[in-house]
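Asks: Below you'll find protein-v1.pdb; it's PDB, C-alpha atoms.
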ATOM      1  CA  MET A 136       0.000   0.000   0.000
ATOM      2  CA  ASP A 137       2.847   2.401   0.800
ATOM      3  CA  ASN A 138       4.335   1.903  -2.673
ATOM      4  CA  LEU A 139       0.978   2.764  -4.221
ATOM      5  CA  LYS A 140       0.841   6.057  -2.311
ATOM      6  CA  GLU A 141       4.431   6.851  -3.257
ATOM      7  CA  ASN A 142       3.578   6.420  -6.941
ATOM      8  CA  GLN A 143       0.566   8.736  -6.774
ATOM      9  CA  SER A 144       1.192  12.456  -6.830
ATOM     10  CA  LEU A 145       0.380  14.354  -3.678
ATOM     11  CA  ARG A 146      -1.752  17.465  -3.900
ATOM     12  CA  SER A 147      -2.062  20.340  -1.467
ATOM     13  CA  TYR A 148      -5.418  20.668   0.342
ATOM     14  CA  GLN A 149      -6.587  23.482   2.580
ATOM     15  CA  ALA A 150      -9.139  23.063   5.338
ATOM     16  CA  VAL A 151     -10.818  25.041   8.082
ATOM     17  CA  ILE A 152     -11.920  22.935  11.054
ATOM     18  CA  TRP A 153     -14.773  24.469  13.010
ATOM     19  CA  GLY A 154     -15.095  24.162  16.780
ATOM     20  CA  THR A 155     -18.249  23.135  18.575
ATOM     21  CA  GLU A 156     -18.851  26.533  20.193
ATOM     22  CA  PRO A 157     -20.866  29.001  18.061
ATOM     23  CA  GLU A 158     -18.387  31.852  18.560
ATOM     24  CA  SER A 159     -15.213  29.770  18.200
ATOM     25  CA  MET A 160     -12.717  30.533  15.462
ATOM     26  CA  GLY A 161     -11.926  27.989  12.773
ATOM     27  CA  THR A 162      -8.520  26.363  12.691
ATOM     28  CA  ARG A 163      -6.807  26.569   9.287
ATOM     29  CA  THR A 164      -4.564  23.786   8.076
ATOM     30  CA  THR A 165      -2.792  22.838   4.849
ATOM     31  CA  PHE A 166      -1.679  19.284   4.137
ATOM     32  CA  LEU A 167      -0.851  16.852   1.333
ATOM     33  CA  ALA A 168      -3.144  14.051   0.169
ATOM     34  CA  THR A 169      -3.453  11.836  -2.901
ATOM     35  CA  ASP A 170      -7.112  12.765  -3.509
ATOM     36  CA  LEU A 171     -10.202  14.220  -1.846
ATOM     37  CA  GLU A 172     -11.110  10.960  -0.088
ATOM     38  CA  ASP A 173      -7.583  10.690   1.340
ATOM     39  CA  ALA A 174      -7.849  14.300   2.516
ATOM     40  CA  LYS A 175     -11.153  13.567   4.282
ATOM     41  CA  ARG A 176      -9.670  10.468   5.956
ATOM     42  CA  GLN A 177      -6.693  12.497   7.189
ATOM     43  CA  LEU A 178      -8.943  15.214   8.644
ATOM     44  CA  GLU A 179     -11.170  12.741  10.453
ATOM     45  CA  SER A 180      -8.131  10.879  11.743
ATOM     46  CA  ALA A 181      -6.605  14.084  13.130
ATOM     47  CA  TYR A 182      -9.759  15.849  14.388
ATOM     48  CA  GLY A 183     -12.195  12.987  15.016
ATOM     49  CA  ALA A 184     -14.988  11.364  13.042
ATOM     50  CA  GLY A 185     -17.838  13.761  12.392
ATOM     51  CA  CYS A 186     -15.703  16.888  12.726
ATOM     52  CA  ILE A 187     -17.051  19.916  10.874
ATOM     53  CA  TYR A 188     -14.754  21.352   8.216
ATOM     54  CA  THR A 189     -14.505  23.060   4.866
ATOM     55  CA  LEU A 190     -12.031  21.482   2.473
ATOM     56  CA  HIS A 191     -10.702  22.379  -0.946
ATOM     57  CA  ASN A 192      -7.845  21.946  -3.354
ATOM     58  CA  GLU A 193      -6.648  25.231  -4.849
ATOM     59  CA  ASP A 194      -6.120  23.745  -8.323
ATOM     60  CA  ASP A 195      -9.637  22.299  -8.418
ATOM     61  CA  ALA A 196     -11.145  25.523  -7.097
ATOM     62  CA  ALA A 197      -9.494  27.526  -9.903
ATOM     63  CA  LYS A 198     -10.855  25.323 -12.707
ATOM     64  CA  PRO A 199     -13.763  26.674 -14.770
ATOM     65  CA  ARG A 200     -17.116  25.146 -13.969
TER      66      ARG A 200
END
Represent the structure contained in this file as structure tokens.
Replies:
Amino acid sequence: MDNLKENQSLRSYQAVIWGTEPESMGTRTTFLATDLEDAKRQLESAYGAGCIYTLHNEDDAAKPR
């Protein structure tokens, strides 16, 4: 499995993780992942299942829709 990840290109993802308190500030983070599903798994691993976040890849966000 590790060889598979090494062969795939890593992309930069940005996220804001929101706290449970209504007036709490979001925590910004940038990290590398192979794809969106990998990015989601990493966030839930680091911040807990069911955490509330916004997530995007800058390259994908810049593409025309």
Asks: Hey, what comes out of the PyMOL selection byres ((chain A and resi 185) around 12) on this file? Could you write it as a PyMOL selection string?
Replies: chain A and resi 152-155+175-176+178-184+186-188
Asks: Can you work out the spacing between atom CA of A:Thr165 and atom CA of A:Glu193 in Å, to one decimal?
Replies: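 These atoms are spaced 10.7 Å apart.
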Asks: Counting all atoms listed in the file, select every polymer residue within 6 Å of (0.4, 15.3, -4.0) as defined in the file's coordinates, and provide the selection as a list in words.
Replies: Ser144, Leu145, Arg146, Leu167, Ala168 and Thr169 of chain A
Asks: Determine the nearest neighbour of A:Leu190 from the options A:Ser159, A:Gln149, A:Gln177, A:Thr164, counting all atoms listed in the file.
Replies: A:Gln149
Asks: Would you please work out which residue, of A:Gln143, A:Ala197, A:His191, A:Ala150, is nearest to A:Leu171 when using only C-alpha atoms?
Replies: A:His191
Asks: Suppose you want the space between atom CA of A:Asp194 and atom CA of A:Asp173; what is it in Å?
Replies: 16.3 Å
Asks: For a test of reading the model, state the distance in Å between atom CA of A:Tyr148 and atom CA of A:Gly161, rounded to one decimal.
Replies: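 So the two atoms, atom CA of A:Tyr148 and atom CA of A:Gly161, lie 15.8 Å apart.
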